[in-house]
Every structure is written in C-alpha cells, then in structure tokens.
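Undergrad: Enclosed is the structure file model_31.cif (mmCIF, C-alpha atoms).
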```
data_my_file
loop_
_atom_site.label_atom_id
_atom_site.label_comp_id
_atom_site.auth_asym_id
_atom_site.auth_seq_id
_atom_site.Cartn_x
_atom_site.Cartn_y
_atom_site.Cartn_z
CA MET N 1 -104.36 14.60 19.36
CA PRO N 2 -102.56 17.07 17.21
CA ALA N 3 -105.52 19.38 17.72
CA THR N 4 -104.59 20.25 21.30
CA PRO N 5 -102.07 22.97 20.45
CA LEU N 6 -104.98 24.65 18.73
CA ALA N 7 -106.79 25.14 22.00
CA PRO N 8 -105.94 28.81 22.59
CA ASP N 9 -107.06 29.65 19.10
CA ALA N 10 -110.18 27.54 19.29
CA ALA N 11 -111.79 30.08 21.57
CA ALA N 12 -111.43 32.76 18.96
CA LEU N 13 -112.31 30.32 16.23
CA PRO N 14 -115.08 27.93 17.26
CA ALA N 15 -115.34 26.33 13.86
CA SER N 16 -111.78 25.04 13.87
CA ASP N 17 -112.64 22.67 16.69
CA GLU N 18 -115.60 21.32 14.79
CA THR N 19 -113.91 20.58 11.52
CA PRO N 20 -111.92 17.45 12.21
CA GLY N 21 -112.72 16.07 8.78
CA ILE N 22 -110.18 18.16 7.04
CA LEU N 23 -106.55 17.58 7.82
CA PRO N 24 -106.29 19.03 11.33
CA ASP N 25 -102.87 17.44 11.21
CA ALA N 26 -101.50 19.77 8.56
CA ALA N 27 -103.11 22.73 10.28
CA ALA N 28 -101.69 21.74 13.63
CA GLU N 29 -98.29 21.22 12.06
CA ALA N 30 -98.47 24.65 10.51
CA ILE N 31 -99.17 26.15 13.88
CA GLU N 32 -97.00 23.92 16.04
CA GLY N 33 -94.03 24.57 13.81
CA HIS N 34 -93.78 28.25 14.49
CA GLY N 35 -96.91 29.57 16.12
CA PRO N 36 -96.35 29.27 19.86
CA HIS N 37 -93.02 31.08 19.61
CA SER N 38 -94.35 33.75 17.36
CA VAL N 39 -94.10 37.27 18.67
CA LEU N 40 -95.81 38.67 15.63
CA ASP N 41 -99.33 38.62 17.01
CA ASP N 42 -99.20 42.23 18.11
CA ASP N 43 -97.61 43.53 14.95
CA SER N 44 -99.99 44.92 12.44
CA PRO N 45 -99.37 42.94 9.28
CA ARG N 46 -97.89 44.49 6.19
CA GLN N 47 -99.64 44.66 2.86
CA PRO N 48 -98.54 43.06 -0.40
CA GLY N 49 -97.49 45.76 -2.84
CA SER N 50 -99.06 44.44 -6.01
CA PRO N 51 -100.62 41.35 -7.60
CA GLY N 52 -97.20 40.74 -9.14
CA GLU N 53 -95.64 40.53 -5.69
CA ILE N 54 -98.35 38.09 -4.60
CA PHE N 55 -97.61 35.98 -7.67
CA ARG N 56 -93.89 35.89 -6.91
CA VAL N 57 -94.33 35.01 -3.24
CA PHE N 58 -96.86 32.26 -3.99
CA THR N 59 -94.64 30.80 -6.71
CA ARG N 60 -91.76 30.67 -4.25
CA LEU N 61 -93.77 29.02 -1.51
CA ALA N 62 -95.44 26.50 -3.82
CA LEU N 63 -92.05 25.31 -5.08
CA LYS N 64 -90.88 24.82 -1.49
CA GLY N 65 -93.90 22.71 -0.61
CA PHE N 66 -92.83 19.09 -0.91
CA GLY N 67 -95.48 16.76 0.47
CA GLY N 68 -97.85 19.50 1.66
CA VAL N 69 -97.83 23.23 1.07
CA LEU N 70 -99.87 24.34 4.06
CA PRO N 71 -97.05 24.63 6.62
CA ILE N 72 -95.00 26.62 4.09
CA VAL N 73 -97.91 28.95 3.37
CA GLN N 74 -98.25 29.64 7.07
CA HIS N 75 -94.53 30.27 7.49
CA GLU N 76 -94.16 32.53 4.45
CA LEU N 77 -97.34 34.59 4.84
CA VAL N 78 -97.34 34.98 8.61
CA GLU N 79 -93.68 35.01 9.59
CA ARG N 80 -91.67 35.96 6.55
CA GLU N 81 -93.86 38.44 4.67
CA ARG N 82 -96.07 39.36 7.65
CA TRP N 83 -99.04 39.76 5.37
CA LEU N 84 -101.30 37.98 7.88
CA THR N 85 -101.40 37.56 11.64
CA ARG N 86 -101.64 34.01 12.95
CA GLU N 87 -105.29 34.62 13.81
CA GLN N 88 -106.08 35.90 10.35
CA PHE N 89 -104.38 32.86 8.84
CA LEU N 90 -106.44 30.44 10.95
CA GLU N 91 -109.59 32.30 10.10
CA LEU N 92 -108.89 32.00 6.36
CA LEU N 93 -108.01 28.33 6.76
CA ALA N 94 -111.25 27.57 8.59
CA VAL N 95 -113.30 29.13 5.80
CA ALA N 96 -111.19 27.39 3.14
CA GLN N 97 -111.89 24.02 4.77
CA VAL N 98 -115.65 24.46 4.72
CA LEU N 99 -115.73 25.11 0.99
CA PRO N 100 -115.26 22.50 -1.72
CA GLY N 101 -111.91 22.50 -3.45
CA PRO N 102 -108.34 22.06 -2.21
CA ASN N 103 -107.89 23.95 1.07
CA VAL N 104 -104.60 25.54 0.16
CA VAL N 105 -105.91 26.70 -3.23
CA ASN N 106 -109.02 28.20 -1.60
CA LEU N 107 -106.87 29.94 0.98
CA SER N 108 -104.60 31.47 -1.67
CA LEU N 109 -107.59 32.64 -3.64
CA MET N 110 -109.25 34.31 -0.66
CA PHE N 111 -106.01 35.95 0.43
CA GLY N 112 -105.37 37.42 -3.02
CA ASP N 113 -108.99 38.50 -3.36
CA ARG N 114 -108.87 40.38 -0.07
CA ALA N 115 -105.77 42.26 -1.14
CA PHE N 116 -106.50 43.14 -4.78
CA GLY N 117 -109.90 41.75 -5.72
CA TRP N 118 -110.11 39.12 -8.43
CA ARG N 119 -106.76 40.15 -9.91
CA GLY N 120 -105.09 39.37 -6.61
CA GLY N 121 -106.98 36.09 -6.36
CA LEU N 122 -105.83 35.10 -9.81
CA ALA N 123 -102.24 36.12 -9.02
CA ALA N 124 -102.20 33.95 -5.88
CA LEU N 125 -103.83 31.02 -7.67
CA GLY N 126 -101.46 31.29 -10.64
CA GLY N 127 -98.43 31.54 -8.38
CA MET N 128 -99.56 28.51 -6.42
CA LEU N 129 -100.22 26.36 -9.51
CA LEU N 130 -98.19 27.37 -12.57
CA ALA N 131 -94.58 26.66 -11.61
CA PRO N 132 -95.37 23.38 -9.79
CA LEU N 133 -97.49 22.39 -12.79
CA GLY N 134 -94.40 22.74 -14.99
CA VAL N 135 -92.38 20.52 -12.66
CA VAL N 136 -95.11 17.89 -12.43
CA LEU N 137 -95.61 17.81 -16.18
CA ALA N 138 -91.89 17.41 -16.81
CA LEU N 139 -92.06 14.36 -14.53
CA ALA N 140 -95.19 13.09 -16.27
CA VAL N 141 -93.56 13.39 -19.69
CA ALA N 142 -90.50 11.57 -18.41
CA TYR N 143 -92.81 8.90 -16.99
CA ALA N 144 -94.62 8.44 -20.31
CA HIS N 145 -91.26 8.15 -22.03
CA TYR N 146 -89.72 5.63 -19.67
CA ALA N 147 -92.82 3.83 -18.37
CA GLN N 148 -91.86 0.67 -20.30
CA HIS N 149 -88.41 0.55 -18.72
CA PRO N 150 -88.63 -2.18 -16.06
CA VAL N 151 -86.62 -0.32 -13.40
CA VAL N 152 -88.63 2.90 -13.87
CA ALA N 153 -91.85 0.90 -13.69
CA GLY N 154 -90.58 -0.77 -10.52
CA VAL N 155 -89.57 2.54 -8.92
CA LEU N 156 -93.00 3.99 -9.66
CA ARG N 157 -94.77 0.91 -8.30
CA GLY N 158 -92.82 1.36 -5.07
CA MET N 159 -93.58 5.08 -4.94
CA GLY N 160 -97.24 4.34 -5.65
CA ALA N 161 -97.45 1.87 -2.77
CA VAL N 162 -95.94 4.47 -0.41
CA ALA N 163 -98.25 7.19 -1.74
CA ALA N 164 -101.21 4.90 -1.00
CA GLY N 165 -99.86 4.29 2.49
CA LEU N 166 -99.43 8.04 3.09
CA ILE N 167 -103.06 8.68 2.25
CA MET N 168 -104.22 5.73 4.32
CA ALA N 169 -102.23 7.11 7.27
CA THR N 170 -103.83 10.54 6.84
CA GLY N 171 -107.25 8.90 7.09
CA ILE N 172 -106.24 6.88 10.15
CA LYS N 173 -104.87 9.99 11.89
CA LEU N 174 -108.19 11.74 11.34
CA LEU N 175 -110.17 8.98 13.08
CA PRO N 176 -109.56 10.02 16.73
CA ALA N 177 -110.88 13.50 15.96
CA LEU N 178 -114.27 11.93 15.20
CA ARG N 179 -114.72 10.92 18.84
CA ARG N 180 -115.63 14.53 19.54
CA ASN N 181 -117.97 14.71 16.55
CA VAL N 182 -121.44 16.01 17.34
CA LEU N 183 -122.97 12.86 15.82
CA GLY N 184 -121.50 10.80 18.67
CA PRO N 185 -118.62 8.33 18.24
CA VAL N 186 -120.64 5.24 17.27
CA PRO N 187 -122.67 6.85 14.43
CA ALA N 188 -119.58 8.76 13.28
CA PHE N 189 -117.43 5.61 12.98
CA GLY N 190 -120.41 3.82 11.46
CA PHE N 191 -120.55 6.45 8.71
CA VAL N 192 -116.82 6.03 8.06
CA ALA N 193 -117.23 2.25 7.70
CA LEU N 194 -120.30 2.56 5.46
CA MET N 195 -118.60 5.13 3.27
CA PHE N 196 -115.50 2.94 2.91
CA ALA N 197 -117.53 -0.18 2.10
CA CYS N 198 -119.69 1.58 -0.51
CA ILE N 199 -116.97 3.68 -2.16
CA ALA N 200 -113.85 1.51 -1.95
CA LEU N 201 -115.38 -1.98 -2.16
CA LEU N 202 -118.75 -1.64 -3.94
CA ARG N 203 -117.66 1.34 -6.11
CA VAL N 204 -120.91 3.27 -5.67
CA PRO N 205 -120.73 6.70 -7.41
CA LEU N 206 -119.79 9.49 -5.01
CA ALA N 207 -122.78 11.69 -5.89
CA TRP N 208 -125.21 8.96 -4.76
CA MET N 209 -123.38 8.55 -1.47
CA LEU N 210 -123.30 12.27 -0.72
CA GLY N 211 -126.94 12.62 -1.71
CA GLY N 212 -128.01 9.65 0.41
CA LEU N 213 -125.64 9.08 3.32
CA GLY N 214 -124.58 12.74 3.29
CA ALA N 215 -128.16 13.90 3.66
CA ILE N 216 -128.72 11.50 6.57
CA ALA N 217 -125.53 12.66 8.30
CA PHE N 218 -126.45 16.31 7.79
CA THR N 219 -129.95 15.77 9.21
CA LEU N 220 -128.59 13.92 12.27
CA ALA N 221 -126.02 16.67 12.91
CA TRP N 222 -128.66 19.36 12.42
CA ARG N 223 -130.89 17.77 15.05
CA ARG N 224 -128.07 17.31 17.56
CA LEU N 225 -126.99 20.92 17.15
CA LYS N 226 -130.41 22.08 18.34
CA PRO N 227 -129.79 25.38 20.10
CA MET T 1 -94.01 12.81 -25.64
CA THR T 2 -96.76 10.21 -26.09
CA PRO T 3 -98.83 10.12 -22.94
CA ALA T 4 -99.28 6.69 -21.40
CA VAL T 5 -102.72 5.57 -22.42
CA VAL T 6 -104.62 2.29 -22.52
CA SER T 7 -107.25 3.79 -24.81
CA SER T 8 -107.92 7.48 -25.31
CA PRO T 9 -111.24 9.30 -24.88
CA ALA T 10 -112.86 9.96 -28.26
CA GLY T 11 -113.91 13.49 -29.28
CA SER T 12 -117.40 13.27 -27.85
CA ASP T 13 -116.10 11.79 -24.58
CA TRP T 14 -114.34 15.01 -23.62
CA SER T 15 -117.53 16.87 -22.72
CA GLY T 16 -118.31 13.96 -20.42
CA VAL T 17 -114.85 14.18 -18.85
CA PHE T 18 -115.28 17.92 -18.36
CA ALA T 19 -118.73 17.48 -16.78
CA GLN T 20 -117.37 14.75 -14.50
CA PHE T 21 -114.56 16.98 -13.21
CA LEU T 22 -116.90 19.97 -12.78
CA LEU T 23 -119.08 17.76 -10.59
CA LEU T 24 -116.07 16.41 -8.68
CA SER T 25 -114.96 19.95 -7.94
CA LEU T 26 -118.20 20.62 -6.10
CA LEU T 27 -117.97 17.29 -4.28
CA SER T 28 -114.37 17.81 -3.15
CA ILE T 29 -115.16 18.74 0.42
CA GLY T 30 -112.04 18.12 2.44
CA GLY T 31 -109.54 18.47 -0.37
CA ALA T 32 -108.70 17.04 -3.76
CA ILE T 33 -107.58 13.66 -2.39
CA SER T 34 -111.15 12.84 -1.36
CA THR T 35 -112.10 12.75 -5.05
CA VAL T 36 -109.55 10.03 -5.88
CA PRO T 37 -112.05 7.14 -5.50
CA GLU T 38 -114.49 8.76 -7.92
CA MET T 39 -111.76 9.60 -10.46
CA HIS T 40 -110.51 6.02 -10.19
CA ARG T 41 -114.02 4.65 -10.72
CA TYR T 42 -114.54 6.90 -13.75
CA LEU T 43 -111.14 6.68 -15.45
CA VAL T 44 -110.09 3.11 -14.60
CA ASP T 45 -113.17 0.99 -13.87
CA GLN T 46 -115.76 2.60 -16.13
CA HIS T 47 -113.81 3.82 -19.17
CA HIS T 48 -110.51 1.90 -18.99
CA TRP T 49 -108.57 4.96 -20.09
CA LEU T 50 -105.93 4.18 -17.46
CA SER T 51 -104.81 0.99 -15.75
CA ASN T 52 -104.60 0.59 -11.97
CA GLU T 53 -100.80 0.84 -12.24
CA GLN T 54 -100.87 4.00 -14.33
CA PHE T 55 -103.40 5.67 -12.05
CA SER T 56 -101.35 4.95 -8.92
CA ALA T 57 -98.08 5.96 -10.59
CA MET T 58 -99.55 9.28 -11.72
CA VAL T 59 -100.77 10.16 -8.24
CA ALA T 60 -97.37 9.16 -6.87
CA ILE T 61 -95.60 11.46 -9.37
CA ALA T 62 -97.72 14.40 -8.25
CA GLN T 63 -97.07 13.59 -4.59
CA ALA T 64 -93.34 13.44 -5.10
CA ALA T 65 -93.27 16.87 -6.78
CA PRO T 66 -93.58 20.24 -5.01
CA GLY T 67 -96.86 22.14 -4.97
CA PRO T 68 -100.45 21.44 -3.96
CA ASN T 69 -101.48 17.77 -4.24
CA LEU T 70 -104.32 18.92 -6.49
CA LEU T 71 -101.80 18.67 -9.33
CA PHE T 72 -102.39 14.92 -9.62
CA VAL T 73 -105.50 15.99 -11.52
CA ALA T 74 -103.27 17.65 -14.12
CA VAL T 75 -101.15 14.50 -14.44
CA LEU T 76 -104.25 12.32 -14.89
CA GLY T 77 -105.53 14.73 -17.56
CA TRP T 78 -102.16 14.62 -19.28
CA GLY T 79 -102.24 10.84 -19.07
CA ILE T 80 -105.55 10.45 -20.88
CA GLY T 81 -105.12 13.21 -23.47
CA GLY T 82 -101.90 15.21 -23.34
CA ALA T 83 -102.02 19.01 -22.96
CA PHE T 84 -105.67 19.17 -24.00
CA GLY T 85 -106.65 16.53 -21.47
CA MET T 86 -104.81 18.44 -18.77
CA LEU T 87 -106.65 21.64 -19.65
CA VAL T 88 -110.01 19.84 -19.50
CA THR T 89 -109.44 18.18 -16.12
CA MET T 90 -107.79 21.20 -14.48
CA LEU T 91 -110.40 23.70 -15.64
CA GLY T 92 -113.12 21.25 -14.61
CA ILE T 93 -111.72 20.72 -11.11
CA LEU T 94 -110.93 24.42 -10.54
CA LEU T 95 -113.79 26.44 -12.03
CA PRO T 96 -116.68 25.51 -9.70
CA SER T 97 -114.70 25.49 -6.46
CA THR T 98 -112.84 28.74 -7.15
CA THR T 99 -116.03 30.53 -8.22
CA LEU T 100 -117.78 29.30 -5.12
CA THR T 101 -114.84 30.25 -2.90
CA LEU T 102 -114.69 33.78 -4.26
CA ALA T 103 -118.44 34.19 -3.89
CA ALA T 104 -118.45 32.77 -0.38
CA ALA T 105 -115.46 34.85 0.71
CA ARG T 106 -117.27 37.99 -0.35
CA TRP T 107 -120.61 36.83 1.02
CA GLY T 108 -118.86 37.01 4.35
CA GLU T 109 -117.93 34.36 6.81
CA ALA T 110 -120.62 35.44 9.24
CA ARG T 111 -122.59 32.33 8.44
CA ARG T 112 -119.73 30.06 9.34
CA HIS T 113 -121.19 29.74 12.83
CA THR T 114 -124.79 29.15 11.79
CA ARG T 115 -126.45 25.84 12.54
CA GLY T 116 -126.74 24.88 8.87
CA VAL T 117 -123.05 25.33 8.10
CA GLN T 118 -122.03 23.64 11.34
CA ALA T 119 -124.30 20.66 10.63
CA PHE T 120 -122.84 20.45 7.12
CA VAL T 121 -119.24 20.50 8.31
CA THR T 122 -119.60 18.12 11.27
CA GLY T 123 -122.04 15.82 9.49
CA LEU T 124 -119.80 15.38 6.47
CA ALA T 125 -116.58 14.93 8.48
CA PRO T 126 -116.99 11.12 8.88
CA LEU T 127 -117.81 10.76 5.18
CA THR T 128 -114.64 12.70 4.32
CA VAL T 129 -112.56 10.36 6.47
CA GLY T 130 -114.21 7.39 4.75
CA LEU T 131 -113.27 8.92 1.40
CA VAL T 132 -109.65 9.46 2.38
CA LEU T 133 -109.37 5.83 3.54
CA SER T 134 -111.00 4.69 0.28
CA SER T 135 -108.43 6.72 -1.69
CA GLY T 136 -105.60 4.96 0.13
CA TYR T 137 -107.16 1.54 -0.43
CA LEU T 138 -107.75 2.09 -4.16
CA LEU T 139 -104.31 3.58 -4.81
CA GLY T 140 -102.80 0.55 -3.10
CA LYS T 141 -104.41 -1.88 -5.55
CA PRO T 142 -101.27 -2.56 -7.64
CA ALA T 143 -99.45 -3.45 -4.40
CA TYR T 144 -101.86 -6.12 -3.15
CA GLY T 145 -100.44 -8.88 -5.38
CA ASP T 146 -96.84 -8.29 -4.29
CA PRO T 147 -95.82 -8.99 -0.69
CA TRP T 148 -92.88 -6.52 -0.82
CA LEU T 149 -94.98 -3.64 -2.12
CA LEU T 150 -97.71 -4.46 0.37
CA ALA T 151 -95.08 -4.40 3.11
CA ALA T 152 -93.86 -0.99 1.87
CA MET T 153 -97.42 0.30 2.09
CA VAL T 154 -98.03 -1.10 5.58
CA VAL T 155 -94.68 0.20 6.88
CA THR T 156 -95.54 3.63 5.48
CA VAL T 157 -98.86 3.65 7.31
CA VAL T 158 -97.25 2.63 10.61
CA VAL T 159 -94.32 5.07 10.33
CA CYS T 160 -96.59 7.90 9.30
CA VAL T 161 -99.11 7.37 12.09
CA ARG T 162 -96.39 7.11 14.75
CA TRP T 163 -93.81 9.68 13.71
CA LYS T 164 -93.63 12.97 11.93
CA ILE T 165 -91.49 12.47 8.88
CA SER T 166 -91.44 14.23 5.54
CA PRO T 167 -93.46 12.22 2.99
CA LEU T 168 -90.68 12.87 0.51
CA TRP T 169 -88.28 10.51 2.32
CA LEU T 170 -90.87 7.75 2.42
CA ILE T 171 -91.67 8.14 -1.26
CA ALA T 172 -87.95 8.04 -2.09
CA ALA T 173 -87.57 4.89 0.03
CA GLY T 174 -90.56 3.35 -1.75
CA GLY T 175 -88.98 4.13 -5.12
CA LEU T 176 -85.76 2.47 -3.98
CA VAL T 177 -87.59 -0.67 -2.82
CA GLY T 178 -89.58 -0.82 -6.06
CA GLY T 179 -86.44 -0.32 -8.16
CA LEU T 180 -84.47 -3.02 -6.33
CA LEU T 181 -87.29 -5.52 -6.77
CA THR T 182 -87.02 -5.47 -10.56
#
```
Can you present the structure in this file as structure tokens?
TA:
Amino acid sequence: MPATPLAPDAAALPASDETPGILPDAAAEAIEGHGPHSVLDDDSPRQPGSPGEIFRVFTRLALKGFGGVLPIVQHELVERERWLTREQFLELLAVAQVLPGPNVVNLSLMFGDRAFGWRGGLAALGGMLLAPLGVVLALAVAYAHYAQHPVVAGVLRGMGAVAAGLIMATGIKLLPALRRNVLGPVPAFGFVALMFACIALLRVPLAWMLGGLGAIAFTLAWRRLKP
Amino acid sequence: MTPAVVSSPAGSDWSGVFAQFLLLSLLSIGGAISTVPEMHRYLVDQHHWLSNEQFSAMVAIAQAAPGPNLLFVAVLGWGIGGAFGMLVTMLGILLPSTTLTLAAARWGEARRHTRGVQAFVTGLAPLTVGLVLSSGYLLGKPAYGDPWLLAAMVVTVVVCVRWKISPLWLIAAGGLVGGLLT
C-alpha cells in the first residue's frame, strides 16, 4: 500500500491513517517524492511576506501541476519556500480531506488564512485557480470551435476514454485501503458495490444516497468506534 | 466562441443550476471528482444540456490542463452557458465549501479526533470510493461502443494501477489513438 511510507507520520497524525477514502495515493506520492530525504524538519519555517507573495507562489505552483497539484504544493511550500514543515503540511492536508470541497483548494485556503486572514486565503485561492482557469478556458474555446472537426473529435474521444480510465484506476487503488476500515472489510466493500450500483447504474440522486446509505455507514462506524 | 451546446438552460433554469452546484459543493467529500456522477445525471440525463461525448470531452480537457481538477466544473459551466455559465457553476461549487473550510479552520482542528468526526470520515470512505468508480464508469460511456476506445480505457486502468506514470502521457497517448482512428 502506498500508505506505508506514512507510518512515521501516522503516529503524530492519527487521522491520516483513518482517511483512506481520499486519495492517499497523491498524499503518499507527495511525501514519498521528497519527504524521507528532507532535512528541513528541524528548520523553523519562514513566513510569506504578503498576500501578493502568496498569490504569486500559488499561481506558479498551480501552473506546474499537470495531472495533480498536490505533490507540487508539497514541494513548493515545504521544500522551496519553507513556509511549512512536513508535519504542518500533513496536518493541513488531513483537515482539508475531512471537509467538503477539493482537497488542494481547501489546503490553499487554510494556509493563506493562517498567514494573513481572509485576504491571505483569497490570495492563495485566486493564485491556485485564476491562471489555470485561463488555460482551461482557452482549451474549451478551442474545443467549441473545432468540435465538429472529425480529427479533433476523435482526439477528444481518445482523451476522454483515458481520463475515464485514470479515474477508474484511482478508485481501484483506493480499494485496498478499505480493508483496514473500521466498518470491517465485508461491509466496507458492500457499501462500495451498493454505491456503484445505485449511482452509476440506477442513477439515484447523490443526496438520497448520502442521506440513506451515508447515515447507515455513519451509524455503523459510530458504534464500532465505541471508546 | 459559441460554446458547444445541445440545448441551453433558459433564464429561469440558472437558479436551479446554481442551487444544484451549491448542494454539490457540500456533498463533495473526497474531492471534486466524486461529484461527477451527480453532475452527469443533472446535465446530461435530466436536462440534456450536454451529450455524453461533450461531457467526457470537457472533463478530459480539464484533466489535460494544469491546475486543480476542480476546473472541469468551469469547463462544464462554459459549455452550457459561456462566461455566465462558468461563473454560476464555479461560484456554486466554491462558495459553500470555502466558507465551511474557513469556518472549520478557525473553529480549530481539535475535534478532528472526536468520535463523531472519525465516524463521519471512516464511514463515508467506502461511499467515496464507490463515487470515484462511478465517475470513471460514467465518463467512459462514449467508449463502450468502440472496441479501440474501450481498449484504451482498460489499458489506462491497468497501467495506472501497476505503475506510476504521469497522467499527462496517458492522456496524450489516448488523444493519439483517438486521432488515428478517425
């Protein structure tokens, strides 16, 4: 499991071990990539100078993040800028994963907020989103313009099939982590199957599923976590 | 600059779109990708504002570009209503979760270890995985009628599960396969 390199940190961060649902892969990659060799743990991190500096750094790292920004965020904030220690980064990530919303966006927001209040949060969020938004929209406009062109349509169909496969693979890689789920492996995999059948095949609205199956799963987990 | 549309939302539909994305923001535990099935149900199956092909292509465009994968929401918004549509979907998906995140960050993370939060996180983990798998299945829909595209999807899954490789290369390879097929 990609989660094993996390072990030393898991002691300091119990929640990280219990949150397999949310891309442990990306997190592990972020840490595996640079973490174990890092000698920065003892350094006290530096502080960003201004919201403007946060905006610039987040713009830079967002534009570098092809196919996943999280490893770049870790590298830039912990190793390059030294604004966070590795432990602080993991702590922020764990909180970001618990909350609704994209993890990397939540993390940026919390980082900026800690440094300069809501202005910092906004600077980090804007840096993370604005420049990539421009790139994506340029592509979308080009797509709208050339969508009728058979080769363009073919290229996009191929890219779409791969994008679907990438997401499928992410889901498959998350499955082994569920063996350690507090619900127990059989109920946990049962929930996965039920969710897939209802959402992907029967097209049941998500809110119903979270209200129904989600409530059952929460209650089961609550009972098993009895202190 | 005409966005690719099957049929566009009418004026009164936009409040519904906004409400839908506000709700999705709160339901997006585990990242934006877990809301793909619900967006697909709403935009493709229920309202026919986008076709299966358009929906998958738009997510693929966002995945091939740099930045957080959340940006597929902007592309979908652009697809159904240009700049205004993008504003509606992006504000909808961002407002609730960012407000909640800021509030929670200040409220302190002390409660992260409480039984309630732990039960929430571990209990919902299997549902999140089910949602991610559903996203993959639904985005693959345009590929199921074509053996070559289906093969590209299956190969991607196998390669991705076995090896660490940048998604960008796979997406480029997929584009090449799709282009050569035409």
Undergrad: Considering only C-alpha atoms, return as a PDB file with C-alpha atoms, in the frame of the given file whatever protein or nucleic-acid residues lie within 10 Å of Tyr42 (chain T), sequence-local ones (same chain, fewer than 6 positions apart) excluded.
TA:
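Saved result, result32.pdb, follows:
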```
ATOM      1  CA  ARG N 203    -117.660   1.340  -6.110  1.00  0.00           C
ATOM      2  CA  PRO N 205    -120.730   6.700  -7.410  1.00  0.00           C
TER       3      PRO N 205
ATOM      4  CA  VAL T  17    -114.850  14.180 -18.850  1.00  0.00           C
ATOM      5  CA  GLN T  20    -117.370  14.750 -14.500  1.00  0.00           C
ATOM      6  CA  VAL T  36    -109.550  10.030  -5.880  1.00  0.00           C
ATOM      7  CA  HIS T  48    -110.510   1.900 -18.990  1.00  0.00           C
ATOM      8  CA  TRP T  49    -108.570   4.960 -20.090  1.00  0.00           C
ATOM      9  CA  LEU T  50    -105.930   4.180 -17.460  1.00  0.00           C
TER      10      LEU T  50
END
```
Undergrad: Need the shell around region 181-184 of chain N: protein/DNA/RNA residues with any atom at most 8 Å away, counting all atoms listed in the file. Skip same-chain ones fewer than 2 positions apart. Format as a PyMOL selection string?
TA: (chain N and resi 18+20+177-179+186-188+217+220-221+224-225) or (chain T and resi 122-123)
Undergrad: Using C-alpha atoms, can you export the residues from the last selection as an mmCIF file, in the coordinates of the input?
TA:
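This went into result-v7.cif:
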```cif
data_model
loop_
_atom_site.group_PDB
_atom_site.id
_atom_site.type_symbol
_atom_site.label_atom_id
_atom_site.label_comp_id
_atom_site.auth_asym_id
_atom_site.auth_seq_id
_atom_site.Cartn_x
_atom_site.Cartn_y
_atom_site.Cartn_z
ATOM 1 C CA GLU N 18 -115.600 21.320 14.790
ATOM 2 C CA PRO N 20 -111.920 17.450 12.210
ATOM 3 C CA ALA N 177 -110.880 13.500 15.960
ATOM 4 C CA LEU N 178 -114.270 11.930 15.200
ATOM 5 C CA ARG N 179 -114.720 10.920 18.840
ATOM 6 C CA VAL N 186 -120.640 5.240 17.270
ATOM 7 C CA PRO N 187 -122.670 6.850 14.430
ATOM 8 C CA ALA N 188 -119.580 8.760 13.280
ATOM 9 C CA ALA N 217 -125.530 12.660 8.300
ATOM 10 C CA LEU N 220 -128.590 13.920 12.270
ATOM 11 C CA ALA N 221 -126.020 16.670 12.910
ATOM 12 C CA ARG N 224 -128.070 17.310 17.560
ATOM 13 C CA LEU N 225 -126.990 20.920 17.150
ATOM 14 C CA THR T 122 -119.600 18.120 11.270
ATOM 15 C CA GLY T 123 -122.040 15.820 9.490
#
```
Undergrad: Out of N:Ala215, N:Val192, N:Ala153, N:Ala197, which residue has the shortest atom-to-atom distance to chain T when counting all atoms listed in the file?
TA: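 Comparing N:Ala215, N:Val192, N:Ala153, N:Ala197 against chain T, the winner is N:Val192.
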Undergrad: Could you tell me how far CA of Asn103 (chain N) sits from CA of Gly79 (chain T), in Å to one decimal place?
TA: 24.7 Å
Undergrad: Near region 104-118 of chain N, counting only C-alpha atoms, which residues have an atom at most 9 Å away, once you skip same-chain residues fewer than 6 positions from it, shown as a PyMOL selection string?
TA: (chain N and resi 47-48+50-51+54+58+69-70+73+89+92-93+95-97+124-125+128-129) or (chain T and resi 31+68+70+97-98+101-102+105-106)
Undergrad: Considering only C-alpha atoms, can you say which of N:Ile167, N:Val57, N:Leu175, N:Ile216 comes closest to Ala123 (chain N)?
TA: N:Val57
Undergrad: Which one of T:Val75, T:Leu24, T:Ala57, T:Ala104 sits closest to Ala138 (chain N) if you count all atoms listed in the file?
TA: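 So, comparing all the options, the nearest one is T:Val75.
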